[in-house]
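Text of model-v3.txt, listed as compact mmCIF, C-alpha atoms:
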# COMPACT_ATOMS: atom_id res chain seq x y z
CA MET A 1 -2.81 -14.89 5.21
CA THR A 2 -2.26 -16.63 1.89
CA ASP A 3 -3.09 -15.24 -1.50
CA PRO A 4 -4.61 -18.12 -3.53
CA VAL A 5 -2.62 -17.22 -6.64
CA SER A 6 0.61 -15.83 -5.20
CA THR A 7 2.61 -19.03 -5.54
CA VAL A 8 0.99 -20.70 -8.54
CA LEU A 9 -0.35 -18.36 -11.18
CA ARG A 10 -3.82 -19.38 -12.32
CA PRO A 11 -5.14 -19.04 -15.85
CA VAL A 12 -6.95 -15.85 -16.70
CA ASP A 13 -10.22 -17.69 -16.60
CA GLU A 14 -13.72 -16.50 -15.69
CA ALA A 15 -14.70 -19.85 -14.22
CA HIS A 16 -11.76 -19.67 -11.84
CA ALA A 17 -12.84 -16.21 -10.66
CA LEU A 18 -16.35 -17.50 -9.98
CA HIS A 19 -14.90 -20.50 -8.14
CA LEU A 20 -12.85 -18.21 -5.88
CA ASP A 21 -15.99 -16.27 -5.03
CA ALA A 22 -17.86 -19.48 -4.27
CA ILE A 23 -15.24 -20.67 -1.77
CA ASP A 24 -14.39 -17.28 -0.26
CA PRO A 25 -14.47 -17.60 3.56
CA LEU A 26 -15.74 -14.00 3.80
CA PRO A 27 -17.95 -13.31 0.79
CA ALA A 28 -18.45 -9.74 -0.36
CA ARG A 29 -21.29 -7.84 1.31
CA ARG A 30 -22.42 -6.68 -2.10
CA ALA A 31 -26.12 -6.91 -1.22
CA ASP A 32 -25.60 -4.19 1.42
CA PHE A 33 -24.71 -1.64 -1.28
CA HIS A 34 -26.20 -0.05 -4.37
CA VAL A 35 -23.98 -1.09 -7.29
CA PRO A 36 -24.28 1.11 -10.41
CA PRO A 37 -25.73 -0.58 -13.49
CA ALA A 38 -23.34 -1.53 -16.25
CA THR A 39 -23.52 0.72 -19.30
CA ALA A 40 -21.91 -1.90 -21.54
CA GLY A 41 -21.10 -5.59 -21.65
CA ASP A 42 -23.11 -8.63 -20.66
CA HIS A 43 -23.57 -7.89 -16.96
CA ALA A 44 -26.39 -6.03 -15.26
CA GLU A 45 -24.11 -4.38 -12.70
CA ALA A 46 -20.87 -2.53 -13.20
CA ALA A 47 -17.63 -3.98 -11.92
CA TYR A 48 -17.01 -1.11 -9.52
CA LEU A 49 -13.32 -0.65 -8.71
CA ALA A 50 -13.35 3.08 -7.92
CA GLY A 51 -13.98 2.92 -4.18
CA ASN A 52 -10.63 4.63 -3.64
CA SER A 53 -12.29 7.71 -5.13
CA LEU A 54 -15.89 7.34 -3.94
CA GLY A 55 -17.33 4.35 -2.11
CA LEU A 56 -20.70 2.86 -2.94
CA GLN A 57 -23.89 3.85 -1.15
CA PRO A 58 -24.93 1.53 1.69
CA ARG A 59 -28.56 0.50 1.25
CA ALA A 60 -29.25 1.35 4.89
CA ALA A 61 -28.33 5.01 4.36
CA ARG A 62 -31.67 5.98 2.81
CA ALA A 63 -33.83 4.79 5.71
CA ALA A 64 -31.51 6.43 8.22
CA LEU A 65 -31.68 9.73 6.35
CA GLU A 66 -35.44 9.48 6.07
CA GLN A 67 -35.63 9.08 9.85
CA GLU A 68 -33.87 12.42 10.34
CA LEU A 69 -36.04 14.11 7.71
CA ALA A 70 -39.15 12.74 9.40
CA ASP A 71 -37.97 13.97 12.80
CA TRP A 72 -37.23 17.39 11.33
CA ALA A 73 -40.71 17.55 9.79
CA ARG A 74 -42.38 16.35 13.00
CA LEU A 75 -40.36 18.21 15.59
CA GLY A 76 -38.67 21.20 14.03
CA VAL A 77 -36.17 22.70 16.45
CA GLU A 78 -37.18 20.28 19.19
CA GLY A 79 -35.39 17.57 17.26
CA HIS A 80 -32.17 18.73 18.86
CA LEU A 81 -33.33 16.99 22.04
CA GLU A 82 -36.29 14.83 21.01
CA ALA A 83 -35.34 13.22 17.68
CA ALA A 84 -34.86 9.44 17.66
CA ARG A 85 -31.15 10.27 17.60
CA PRO A 86 -31.07 13.74 19.19
CA TRP A 87 -29.16 16.24 17.08
CA LYS A 88 -27.44 18.16 19.86
CA PRO A 89 -25.02 15.32 20.74
CA TYR A 90 -25.14 13.70 17.28
CA HIS A 91 -21.39 13.73 16.62
CA GLU A 92 -20.95 11.68 19.79
CA PHE A 93 -22.84 8.79 18.20
CA LEU A 94 -20.01 8.49 15.65
CA ARG A 95 -17.11 8.78 18.08
CA ASP A 96 -16.66 5.19 19.24
CA GLY A 97 -17.00 3.65 15.77
CA ALA A 98 -14.53 6.10 14.27
CA ALA A 99 -12.10 5.50 17.15
CA ARG A 100 -12.25 1.73 16.61
CA LEU A 101 -11.65 2.17 12.88
CA VAL A 102 -8.41 4.11 13.41
CA GLY A 103 -7.21 2.40 16.60
CA ALA A 104 -7.72 5.35 18.91
CA LEU A 105 -9.26 6.21 22.24
CA PRO A 106 -12.71 7.79 21.95
CA ALA A 107 -11.45 11.00 23.55
CA GLU A 108 -8.79 11.25 20.81
CA THR A 109 -11.30 11.10 17.96
CA VAL A 110 -13.82 13.51 16.47
CA VAL A 111 -15.87 13.48 13.26
CA MET A 112 -16.08 16.99 11.83
CA ASN A 113 -15.56 19.25 8.82
CA SER A 114 -13.82 18.11 5.65
CA LEU A 115 -10.33 16.68 5.31
CA THR A 116 -8.48 19.81 4.23
CA VAL A 117 -10.23 21.93 6.85
CA ASN A 118 -9.06 19.45 9.49
CA LEU A 119 -5.52 19.52 8.10
CA HIS A 120 -5.48 23.28 8.52
CA LEU A 121 -6.92 23.12 12.05
CA MET A 122 -4.28 20.59 13.04
CA MET A 123 -1.45 22.60 11.51
CA ILE A 124 -2.59 25.76 13.32
CA SER A 125 -1.98 23.81 16.54
CA PHE A 126 0.98 21.62 15.62
CA TYR A 127 3.05 23.44 13.02
CA ARG A 128 5.04 25.84 15.19
CA PRO A 129 8.21 26.67 13.28
CA THR A 130 11.34 28.17 14.82
CA PRO A 131 14.42 29.58 13.06
CA GLU A 132 16.17 26.24 13.58
CA ARG A 133 13.23 23.84 13.12
CA TYR A 134 10.90 25.08 10.41
CA ALA A 135 10.47 22.50 7.63
CA ILE A 136 7.29 20.67 6.66
CA VAL A 137 8.06 17.32 5.00
CA VAL A 138 5.65 15.72 2.53
CA GLU A 139 6.01 13.09 -0.18
CA ASP A 140 6.57 14.52 -3.64
CA SER A 141 3.40 12.84 -4.92
CA THR A 142 1.26 14.10 -2.06
CA PHE A 143 -2.32 14.92 -3.01
CA PRO A 144 -2.53 18.50 -4.37
CA SER A 145 -4.82 19.73 -1.59
CA ASP A 146 -2.22 18.70 1.00
CA SER A 147 0.47 20.42 -1.03
CA TYR A 148 -1.53 23.64 -1.19
CA ALA A 149 -2.35 23.43 2.51
CA VAL A 150 1.24 23.06 3.70
CA GLN A 151 2.44 25.82 1.40
CA SER A 152 -0.22 28.19 2.74
CA GLN A 153 0.63 27.26 6.33
CA ALA A 154 4.27 28.13 5.68
CA ARG A 155 3.21 31.49 4.27
CA LEU A 156 1.05 32.15 7.35
CA HIS A 157 4.27 32.02 9.36
CA GLY A 158 6.08 34.34 6.97
CA LEU A 159 8.11 31.55 5.38
CA ASP A 160 8.84 30.87 1.74
CA PRO A 161 7.39 27.43 0.84
CA ALA A 162 10.24 26.92 -1.62
CA GLY A 163 12.64 26.64 1.29
CA SER A 164 10.41 25.38 4.08
CA VAL A 165 8.39 22.62 2.36
CA ILE A 166 10.54 19.57 1.62
CA ARG A 167 9.23 17.00 -0.85
CA LEU A 168 10.64 13.48 -0.50
CA ARG A 169 11.06 11.77 -3.87
CA PRO A 170 11.48 8.11 -4.81
CA ARG A 171 14.87 6.96 -6.03
CA PRO A 172 15.55 7.60 -9.73
CA GLY A 173 13.68 5.10 -11.86
CA GLU A 174 11.36 4.07 -9.00
CA ASP A 175 7.73 4.95 -8.41
CA CYS A 176 7.37 4.54 -4.63
CA LEU A 177 9.08 6.19 -1.69
CA ARG A 178 11.06 3.65 0.32
CA THR A 179 10.64 3.61 4.08
CA GLU A 180 14.40 3.34 4.57
CA ASP A 181 14.86 6.54 2.58
CA VAL A 182 12.38 8.40 4.79
CA LEU A 183 14.17 7.13 7.89
CA GLY A 184 17.54 8.06 6.43
CA PHE A 185 16.35 11.58 5.71
CA LEU A 186 15.08 11.97 9.26
CA ARG A 187 18.38 10.79 10.70
CA ALA A 188 20.30 13.27 8.57
CA GLU A 189 17.94 16.23 8.44
CA GLY A 190 15.40 15.70 11.22
CA HIS A 191 16.85 18.55 13.27
CA ARG A 192 15.21 21.08 10.92
CA VAL A 193 11.85 19.31 10.56
CA ALA A 194 8.95 20.89 12.45
CA LEU A 195 6.20 18.75 10.90
CA LEU A 196 6.26 15.44 9.04
CA LEU A 197 3.00 15.00 7.10
CA LEU A 198 2.77 11.99 4.79
CA GLY A 199 -0.11 10.05 3.29
CA GLY A 200 -0.71 6.71 5.00
CA VAL A 201 -1.52 5.21 1.59
CA ASN A 202 -0.33 7.24 -1.35
CA TYR A 203 -3.24 8.31 -3.52
CA LEU A 204 -1.35 7.89 -6.80
CA THR A 205 0.70 4.71 -6.35
CA GLY A 206 -1.34 2.91 -3.68
CA GLU A 207 1.78 2.42 -1.53
CA LEU A 208 1.11 1.78 2.17
CA MET A 209 3.73 3.59 4.22
CA ASP A 210 5.23 2.04 7.34
CA ILE A 211 3.31 4.33 9.67
CA PRO A 212 4.67 3.04 13.00
CA ALA A 213 8.33 3.05 11.90
CA ILE A 214 8.15 6.49 10.30
CA THR A 215 6.21 7.92 13.25
CA ALA A 216 8.79 6.64 15.71
CA ALA A 217 11.66 8.05 13.63
CA GLY A 218 9.96 11.41 13.20
CA ARG A 219 9.26 11.81 16.88
CA ALA A 220 12.80 10.67 17.78
CA ALA A 221 14.08 13.44 15.52
CA GLY A 222 12.01 15.96 17.48
CA ALA A 223 9.37 16.55 14.80
CA VAL A 224 5.61 16.52 15.15
CA VAL A 225 4.20 13.64 13.10
CA GLY A 226 0.82 13.94 11.36
CA TRP A 227 -0.75 11.64 8.80
CA ASP A 228 -3.25 12.15 6.01
CA LEU A 229 -5.19 8.89 6.15
CA ALA A 230 -7.68 9.56 3.36
CA HIS A 231 -6.68 6.38 1.51
CA ALA A 232 -5.88 4.34 4.61
CA VAL A 233 -9.03 4.57 6.75
CA GLY A 234 -11.33 1.65 6.01
CA ASN A 235 -8.62 0.19 3.78
CA VAL A 236 -5.94 -1.06 6.20
CA PRO A 237 -5.92 -1.67 9.96
CA LEU A 238 -4.69 1.32 11.98
CA ARG A 239 -3.48 1.70 15.57
CA LEU A 240 -2.87 5.42 15.87
CA HIS A 241 -2.82 5.56 19.66
CA GLU A 242 -0.45 2.63 20.01
CA TRP A 243 1.86 3.96 17.29
CA GLY A 244 2.16 7.33 19.01
CA VAL A 245 0.99 9.41 16.05
CA ASP A 246 0.67 13.06 17.12
CA TRP A 247 -2.36 13.76 14.94
CA ALA A 248 -4.13 12.53 11.84
CA ALA A 249 -6.96 13.56 9.55
CA TRP A 250 -8.99 11.64 6.99
CA CYS A 251 -12.16 11.61 4.91
CA HIS A 252 -15.00 9.08 5.01
CA TYR A 253 -16.20 9.06 1.41
CA LYS A 254 -13.73 6.59 -0.05
CA TYR A 255 -13.38 3.23 1.69
CA VAL A 256 -15.81 4.18 4.48
CA ASN A 257 -18.58 4.71 1.90
CA ALA A 258 -20.25 7.68 3.63
CA GLY A 259 -21.17 9.65 0.51
CA PRO A 260 -19.67 12.39 -1.67
CA GLY A 261 -18.00 15.06 0.43
CA ALA A 262 -18.82 13.16 3.64
CA VAL A 263 -17.94 14.67 7.00
CA ALA A 264 -14.30 13.88 7.81
CA GLY A 265 -12.45 12.64 10.87
CA CYS A 266 -9.61 13.77 13.09
CA PHE A 267 -7.32 12.20 15.70
CA VAL A 268 -5.22 13.93 18.35
CA HIS A 269 -3.09 11.79 20.66
CA GLU A 270 -4.10 11.94 24.30
CA ARG A 271 -0.73 13.41 25.35
CA HIS A 272 -1.82 16.66 23.67
CA LEU A 273 -5.44 16.83 24.80
CA ALA A 274 -4.89 18.65 28.09
CA ASP A 275 -2.29 21.05 26.69
CA ARG A 276 -4.08 24.39 26.99
CA THR A 277 -1.08 26.20 25.49
CA LEU A 278 -1.72 24.82 21.99
CA PRO A 279 -2.98 27.54 19.64
CA LYS A 280 -6.39 26.73 18.18
CA LEU A 281 -9.00 28.28 15.96
CA GLN A 282 -12.11 28.03 18.10
CA GLY A 283 -15.86 27.95 17.74
CA TRP A 284 -18.77 27.26 20.04
CA TRP A 285 -18.95 23.50 19.49
CA GLY A 286 -15.44 23.22 20.95
CA THR A 287 -16.60 24.43 24.32
CA ASP A 288 -17.85 22.25 27.18
CA PRO A 289 -21.32 20.91 26.26
CA ALA A 290 -22.41 21.34 29.86
CA THR A 291 -22.00 25.12 29.57
CA ARG A 292 -22.27 25.58 25.79
CA PHE A 293 -25.79 26.99 25.89
CA ALA A 294 -24.99 29.43 28.67
CA MET A 295 -23.83 31.45 25.67
CA GLY A 296 -20.87 32.95 27.51
CA PRO A 297 -18.31 35.12 25.70
CA ASP A 298 -15.32 32.91 26.55
CA VAL A 299 -14.49 29.33 25.61
CA ASP A 300 -14.89 26.73 28.34
CA PRO A 301 -12.48 24.14 26.89
CA VAL A 302 -12.67 20.36 27.07
CA ASP A 303 -9.65 18.08 27.13
CA THR A 304 -10.69 15.88 24.22
CA ALA A 305 -10.45 16.09 20.45
CA ASP A 306 -13.82 17.84 20.59
CA SER A 307 -12.00 21.03 21.52
CA TRP A 308 -10.96 21.39 17.86
CA GLN A 309 -14.60 21.51 16.73
CA LEU A 310 -15.97 24.78 15.42
CA SER A 311 -19.63 24.60 14.48
CA ASN A 312 -22.61 22.40 15.22
CA PRO A 313 -22.48 19.29 13.04
CA PRO A 314 -24.41 18.85 9.77
CA ILE A 315 -26.83 16.11 10.82
CA LEU A 316 -27.95 14.99 7.38
CA ALA A 317 -24.32 14.65 6.28
CA MET A 318 -23.38 12.67 9.38
CA VAL A 319 -26.08 10.03 8.95
CA PRO A 320 -24.26 8.03 6.22
CA VAL A 321 -21.07 8.10 8.29
CA LEU A 322 -22.92 6.54 11.21
CA VAL A 323 -24.45 3.88 8.95
CA SER A 324 -21.09 3.03 7.40
CA LEU A 325 -19.23 2.84 10.71
CA ARG A 326 -21.76 0.27 11.91
CA LEU A 327 -20.89 -1.95 8.93
CA PHE A 328 -17.20 -1.84 9.82
CA ASP A 329 -18.00 -2.66 13.44
CA GLU A 330 -20.09 -5.62 12.31
CA ILE A 331 -17.40 -7.12 10.07
CA GLY A 332 -14.15 -5.90 11.61
CA MET A 333 -11.06 -4.50 9.91
CA ALA A 334 -8.99 -7.63 10.59
CA ALA A 335 -11.38 -9.80 8.56
CA LEU A 336 -11.66 -7.18 5.83
CA ARG A 337 -7.89 -6.92 5.60
CA GLU A 338 -7.56 -10.68 5.14
CA ARG A 339 -10.11 -10.59 2.34
CA SER A 340 -8.44 -7.54 0.84
CA ILE A 341 -5.08 -9.31 0.64
CA ARG A 342 -6.69 -12.29 -1.11
CA LEU A 343 -8.71 -10.20 -3.53
CA THR A 344 -6.01 -7.66 -4.33
CA GLY A 345 -3.47 -10.46 -4.76
CA TYR A 346 -5.76 -12.11 -7.28
CA LEU A 347 -6.17 -8.89 -9.27
CA ALA A 348 -2.41 -8.25 -9.10
CA ALA A 349 -1.74 -11.70 -10.59
CA LEU A 350 -4.25 -11.07 -13.36
CA LEU A 351 -2.76 -7.66 -14.16
CA ASP A 352 0.76 -9.08 -14.19
CA THR A 353 -0.43 -11.65 -16.72
CA VAL A 354 -2.38 -9.37 -19.04
CA CYS A 355 0.25 -6.61 -18.94
CA LEU A 356 3.06 -8.89 -20.13
CA GLU A 357 2.34 -8.16 -23.78
CA LEU A 358 0.88 -4.68 -23.29
CA PRO A 359 2.29 -1.16 -22.78
CA ALA A 360 1.38 -1.13 -19.10
CA ARG A 361 2.80 -2.05 -15.70
CA VAL A 362 1.63 -2.08 -12.10
CA ILE A 363 3.48 0.57 -10.06
CA THR A 364 1.98 -0.37 -6.67
CA PRO A 365 4.36 -2.43 -4.50
CA ALA A 366 4.05 -6.18 -5.04
CA ASP A 367 4.43 -6.92 -1.33
CA PRO A 368 0.91 -7.14 0.22
CA GLU A 369 2.29 -5.54 3.40
CA ARG A 370 3.19 -2.42 1.40
CA ARG A 371 -0.20 -1.82 -0.18
CA GLY A 372 -3.88 -1.61 0.58
CA CYS A 373 -6.46 -2.65 -2.00
CA GLN A 374 -5.55 -0.10 -4.68
CA LEU A 375 -3.46 -1.17 -7.66
CA SER A 376 -2.18 1.57 -9.95
CA VAL A 377 -1.31 0.76 -13.54
CA ARG A 378 0.92 3.05 -15.59
CA VAL A 379 0.00 2.96 -19.27
CA SER A 380 2.16 4.08 -22.19
CA GLY A 381 1.20 5.67 -25.46
CA VAL A 382 -2.40 6.37 -24.43
CA ASP A 383 -4.14 8.88 -22.20
CA ALA A 384 -5.19 7.34 -18.87
CA GLU A 385 -8.52 9.16 -18.89
CA GLU A 386 -9.27 7.71 -22.32
CA VAL A 387 -8.58 4.23 -20.95
CA ARG A 388 -10.85 4.85 -17.96
CA ALA A 389 -13.69 6.06 -20.18
CA ARG A 390 -13.39 3.07 -22.49
CA LEU A 391 -13.37 0.64 -19.58
CA ARG A 392 -16.71 2.03 -18.50
CA HIS A 393 -18.44 2.66 -21.82
CA GLU A 394 -17.23 -0.44 -23.64
CA HIS A 395 -16.95 -2.99 -20.81
CA GLY A 396 -19.01 -1.82 -17.82
CA VAL A 397 -15.93 -1.52 -15.59
CA ILE A 398 -15.67 1.58 -13.40
CA ALA A 399 -12.13 2.48 -12.39
CA ASP A 400 -10.52 5.91 -12.25
CA ALA A 401 -7.54 7.68 -13.74
CA ARG A 402 -4.95 10.26 -12.90
CA ARG A 403 -3.52 11.95 -15.94
CA PRO A 404 -1.36 11.58 -17.77
CA ASP A 405 -0.75 7.86 -17.43
CA VAL A 406 -2.10 6.15 -14.27
CA VAL A 407 -5.27 4.06 -14.13
CA ARG A 408 -6.29 3.01 -10.61
CA PHE A 409 -8.23 -0.12 -9.65
CA ALA A 410 -9.49 -0.72 -6.10
CA PRO A 411 -11.08 -4.13 -5.42
CA VAL A 412 -12.72 -2.98 -2.18
CA PRO A 413 -13.24 -6.05 0.03
CA LEU A 414 -16.61 -4.90 1.36
CA TYR A 415 -18.38 -5.18 -1.99
CA CYS A 416 -16.03 -6.28 -4.78
CA THR A 417 -15.74 -9.86 -5.97
CA HIS A 418 -13.08 -11.93 -7.70
CA HIS A 419 -15.32 -11.80 -10.74
CA ASP A 420 -15.18 -7.99 -10.64
CA ALA A 421 -11.39 -8.25 -10.62
CA TRP A 422 -11.47 -10.66 -13.56
CA ARG A 423 -13.73 -8.29 -15.50
CA ALA A 424 -11.41 -5.36 -14.80
CA ALA A 425 -8.24 -7.16 -15.89
CA THR A 426 -9.74 -8.61 -19.05
CA ALA A 427 -11.32 -5.25 -19.94
CA LEU A 428 -7.99 -3.47 -19.52
CA ALA A 429 -6.36 -6.04 -21.78
CA ALA A 430 -9.06 -5.51 -24.40
CA VAL A 431 -8.76 -1.72 -24.29
CA LEU A 432 -4.96 -1.61 -24.44
CA SER A 433 -4.65 -4.25 -27.15
CA SER A 434 -7.23 -2.65 -29.45
CA GLY A 435 -6.86 0.47 -31.51
CA PRO A 436 -8.54 3.77 -30.66
CA PRO A 437 -12.35 3.68 -30.65
CA SER A 438 -14.16 4.80 -33.77
CA SER A 439 -15.74 7.59 -31.77
CA ARG A 440 -14.67 8.93 -28.40
CA PRO A 441 -16.96 7.90 -25.51
CA PRO A 442 -18.87 10.70 -23.82
CA SER A 443 -16.63 12.77 -21.55
CA SER A 444 -17.15 12.28 -17.85
CA ALA A 445 -16.41 13.93 -14.56
CA GLY A 446 -13.44 11.61 -14.03
CA GLU A 447 -10.87 14.37 -13.85
CA ALA A 448 -12.95 16.35 -11.37
CA ARG A 449 -13.12 13.59 -8.77
CA ASP A 450 -11.21 13.87 -5.55
CA ALA A 451 -8.31 11.50 -5.14
Can you present the structure in this file as structure tokens?
Amino acid sequence: MTDPVSTVLRPVDEAHALHLDAIDPLPARRADFHVPPATAGDHAEAAYLAGNSLGLQPRAARAALEQELADWARLGVEGHLEAARPWKPYHEFLRDGAARLVGALPAETVVMNSLTVNLHLMMISFYRPTPERYAIVVEDSTFPSDSYAVQSQARLHGLDPAGSVIRLRPRPGEDCLRTEDVLGFLRAEGHRVALLLLGGVNYLTGELMDIPAITAAGRAAGAVVGWDLAHAVGNVPLRLHEWGVDWAAWCHYKYVNAGPGAVAGCFVHERHLADRTLPKLQGWWGTDPATRFAMGPDVDPVDTADSWQLSNPPILAMVPVLVSLRLFDEIGMAALRERSIRLTGYLAALLDTVCLELPARVITPADPERRGCQLSVRVSGVDAEEVRARLRHEHGVIADARRPDVVRFAPVPLYCTHHDAWRAATALAAVLSSGPPSSRPPSSAGEARDA
């Protein structure tokens, strides 16, 4: 897979961006999505590079939702069995597509809850500290919700998070956590690690971790290995079953484009599925569907990931997930990854060029094998949220920011174009090379977005 500008840097030229789009072997599926209108600049649509925070709405989602609303209006409770897509087994319609997206067996995969709820459910089962093996290992820049979750799990076991949660930091002066440093830690300290829980793609830096190598090292050290794949699912190819990951959890509202707060996903490796000794928080949707409506007082367990389910699924929230998974099945992650490498490489080259004379630098690894489609830019002497707001309100470019100093751009291969990347890079150059605006743009919900 060759990046068209990795060996010979092209001019920062709009015509060249349009040419790359014209010859792209896998053009963006932009027409399948609603792209927000631009609020500034000469273009009708925004250059939307915030899919790492919230993906765009697939156009097919509305009709699919309207089908469920029509069935509800027409059938009432009978829709559980008689709707066009019956509601009683609805989560099963999502299982195969989700399994293909993460490289899992269908029995290992379930779509349920939200990401942090699933993290907690998994840790109830798989974080089982002993006096000798008690530590939970995360990256220092883990997303805050993960940090809060692991600290609270330590407290549930009567442990002090200050001593039982270990945060792996990059080397001094570096932004990203090296794989060899994770492996070195596990060789030296793995005997006290009960759970290794890292982000597959770091939300702040965009670094793609070496999931198979770290998983193998963690398991060799005797630890349980879980992954938060919020920024990896729909972004990079995954083979969770083959890699031997113990468990993983993710959301579907970023690269999978299933809507704000979309129902999340969970993976449990098949070697754990029949282990009836695992502690679990249980609810009636985790019991055998063949006997579920016998309404018995005791759980009748199933040996699949479904046994971690609690409640009946929210049908209207699951519809966009189903629609989005069909798009990924149609295109395939391998093809999307090839386009992502081309498109992200192009944006990286542009950013390297425009940042030469500006107080900014890309902190995401330059190696395409160590990143997905997110590129994080650290800015100096200016608030990142101010930069994000000016990109939108002065140039029609939607990115996002993490204070104090990181602006994140995600040229999502499903719907972004080389021209979007060109607009983003040239807009960033314009914002950083100009003085402060005469009046501050309207404040936005940027800081309140999930990672």
Any idea what the distance is between atom CA of Gly158 of chain A and atom CA of Ile136 of chain A?
13.7 Å
Measuring atom to atom with only C-alpha atoms, identify which of A:Val77, A:Ala98, A:Cys416, A:Leu432 is nearest to Glu45 of chain A.
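Among the listed residues, A:Cys416 lies closest to Glu45 of chain A.
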Do you have the atom CA of Val117 of chain A-atom CA of Arg100 of chain A distance handy?
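Taking atom CA of Val117 of chain A and atom CA of Arg100 of chain A, their separation equals 22.5 Å.
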Shell of 9 Å around segment 283-300 of chain A, all atoms listed in the file, local chain residues under 5 positions omitted, as a list in words:
Pro89, Ala305, Asp306, Ser307, Trp308, Gln309, Leu310, Ser311, Asn312 and Pro313 of chain A
Would you compute the distance between atom CA of Ser125 of chain A and atom CA of Ala194 of chain A? Give it in Å to one decimal.
12.0 Å
Taking only C-alpha atoms into account, name the residue in A:His418, A:His19, A:Arg239, A:His34 that is nearest to Ala61 of chain A.
A:His34
Check the smallest atom-to-atom distance from each of A:Thr277, A:Ile315, A:Ala216, A:Asp42 to Glu66 of chain A using all atoms listed in the file, then report the winner.
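Using all atoms listed in the file, Glu66 of chain A sits closest to A:Ile315.
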Hey, what's within 9 Å of segment 245-249 of chain A if we count only C-alpha atoms and toss same-chain stuff fewer than 5 positions away? As a ChimeraX atom specification, please?
/A:115-116,118-119,122,126,197,211-212,215-216,219,224-230,239-240,264-272
Keeping only C-alpha atoms, write the selected residues to a file as a PDB file, keeping the file's coordinate frame.
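So part14.pdb came out as:
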ATOM      1  CA  LEU A 115     -10.330  16.680   5.310  1.00  0.00           C
ATOM      2  CA  THR A 116      -8.480  19.810   4.230  1.00  0.00           C
ATOM      3  CA  ASN A 118      -9.060  19.450   9.490  1.00  0.00           C
ATOM      4  CA  LEU A 119      -5.520  19.520   8.100  1.00  0.00           C
ATOM      5  CA  MET A 122      -4.280  20.590  13.040  1.00  0.00           C
ATOM      6  CA  PHE A 126       0.980  21.620  15.620  1.00  0.00           C
ATOM      7  CA  LEU A 197       3.000  15.000   7.100  1.00  0.00           C
ATOM      8  CA  ILE A 211       3.310   4.330   9.670  1.00  0.00           C
ATOM      9  CA  PRO A 212       4.670   3.040  13.000  1.00  0.00           C
ATOM     10  CA  THR A 215       6.210   7.920  13.250  1.00  0.00           C
ATOM     11  CA  ALA A 216       8.790   6.640  15.710  1.00  0.00           C
ATOM     12  CA  ARG A 219       9.260  11.810  16.880  1.00  0.00           C
ATOM     13  CA  VAL A 224       5.610  16.520  15.150  1.00  0.00           C
ATOM     14  CA  VAL A 225       4.200  13.640  13.100  1.00  0.00           C
ATOM     15  CA  GLY A 226       0.820  13.940  11.360  1.00  0.00           C
ATOM     16  CA  TRP A 227      -0.750  11.640   8.800  1.00  0.00           C
ATOM     17  CA  ASP A 228      -3.250  12.150   6.010  1.00  0.00           C
ATOM     18  CA  LEU A 229      -5.190   8.890   6.150  1.00  0.00           C
ATOM     19  CA  ALA A 230      -7.680   9.560   3.360  1.00  0.00           C
ATOM     20  CA  ARG A 239      -3.480   1.700  15.570  1.00  0.00           C
ATOM     21  CA  LEU A 240      -2.870   5.420  15.870  1.00  0.00           C
ATOM     22  CA  ALA A 264     -14.300  13.880   7.810  1.00  0.00           C
ATOM     23  CA  GLY A 265     -12.450  12.640  10.870  1.00  0.00           C
ATOM     24  CA  CYS A 266      -9.610  13.770  13.090  1.00  0.00           C
ATOM     25  CA  PHE A 267      -7.320  12.200  15.700  1.00  0.00           C
ATOM     26  CA  VAL A 268      -5.220  13.930  18.350  1.00  0.00           C
ATOM     27  CA  HIS A 269      -3.090  11.790  20.660  1.00  0.00           C
ATOM     28  CA  GLU A 270      -4.100  11.940  24.300  1.00  0.00           C
ATOM     29  CA  ARG A 271      -0.730  13.410  25.350  1.00  0.00           C
ATOM     30  CA  HIS A 272      -1.820  16.660  23.670  1.00  0.00           C
TER      31      HIS A 272
END
Could you check the closest approach to Val233 of chain A for each of A:Val323, A:Asp275, A:Arg337, A:Thr205 and tell me which residue wins, using only C-alpha atoms?
A:Arg337
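Close to (-9.7, -1.6, -7.6), meaning no more than 7 Å away when counting only C-alpha atoms, sit the residues Leu49, Ala50, Cys373, Gln374, Leu375, Ala399, Arg408, Phe409, Ala410, Pro411 and Val412 of chain A.
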Find the residues near segment 329-334 of chain A: any atom within 10 Å, counting only C-alpha atoms, skip ones fewer than 3 places away on the same chain, and give them as a list in words.
Leu26, Arg29, Asp96, Gly97, Ala98, Arg100, Leu101, Val102, Val233, Gly234, Asn235, Val236, Pro237, Leu238, Ser324, Leu325, Arg326, Arg337, Glu338, Arg339, Ser340 and Leu414 of chain A
Cut-off 12 Å around (-27.6, 21.6, 6.6) with only C-alpha atoms: residues as a compact mmCIF listing (two decimals) with C-alpha atoms, in the frame of the given file:
# COMPACT_ATOMS: atom_id res chain seq x y z
CA GLU A 68 -33.87 12.42 10.34
CA LEU A 69 -36.04 14.11 7.71
CA TRP A 72 -37.23 17.39 11.33
CA TRP A 87 -29.16 16.24 17.08
CA VAL A 263 -17.94 14.67 7.00
CA SER A 311 -19.63 24.60 14.48
CA ASN A 312 -22.61 22.40 15.22
CA PRO A 313 -22.48 19.29 13.04
CA PRO A 314 -24.41 18.85 9.77
CA ILE A 315 -26.83 16.11 10.82
CA LEU A 316 -27.95 14.99 7.38
CA ALA A 317 -24.32 14.65 6.28
CA MET A 318 -23.38 12.67 9.38
CA VAL A 319 -26.08 10.03 8.95
When distances are computed from all atoms listed in the file, which of A:Leu208, A:Arg74, A:Arg388, A:Ser380 shows the smallest separation from Arg361 of chain A?
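For Arg361 of chain A, the nearest of the given residues is A:Ser380.
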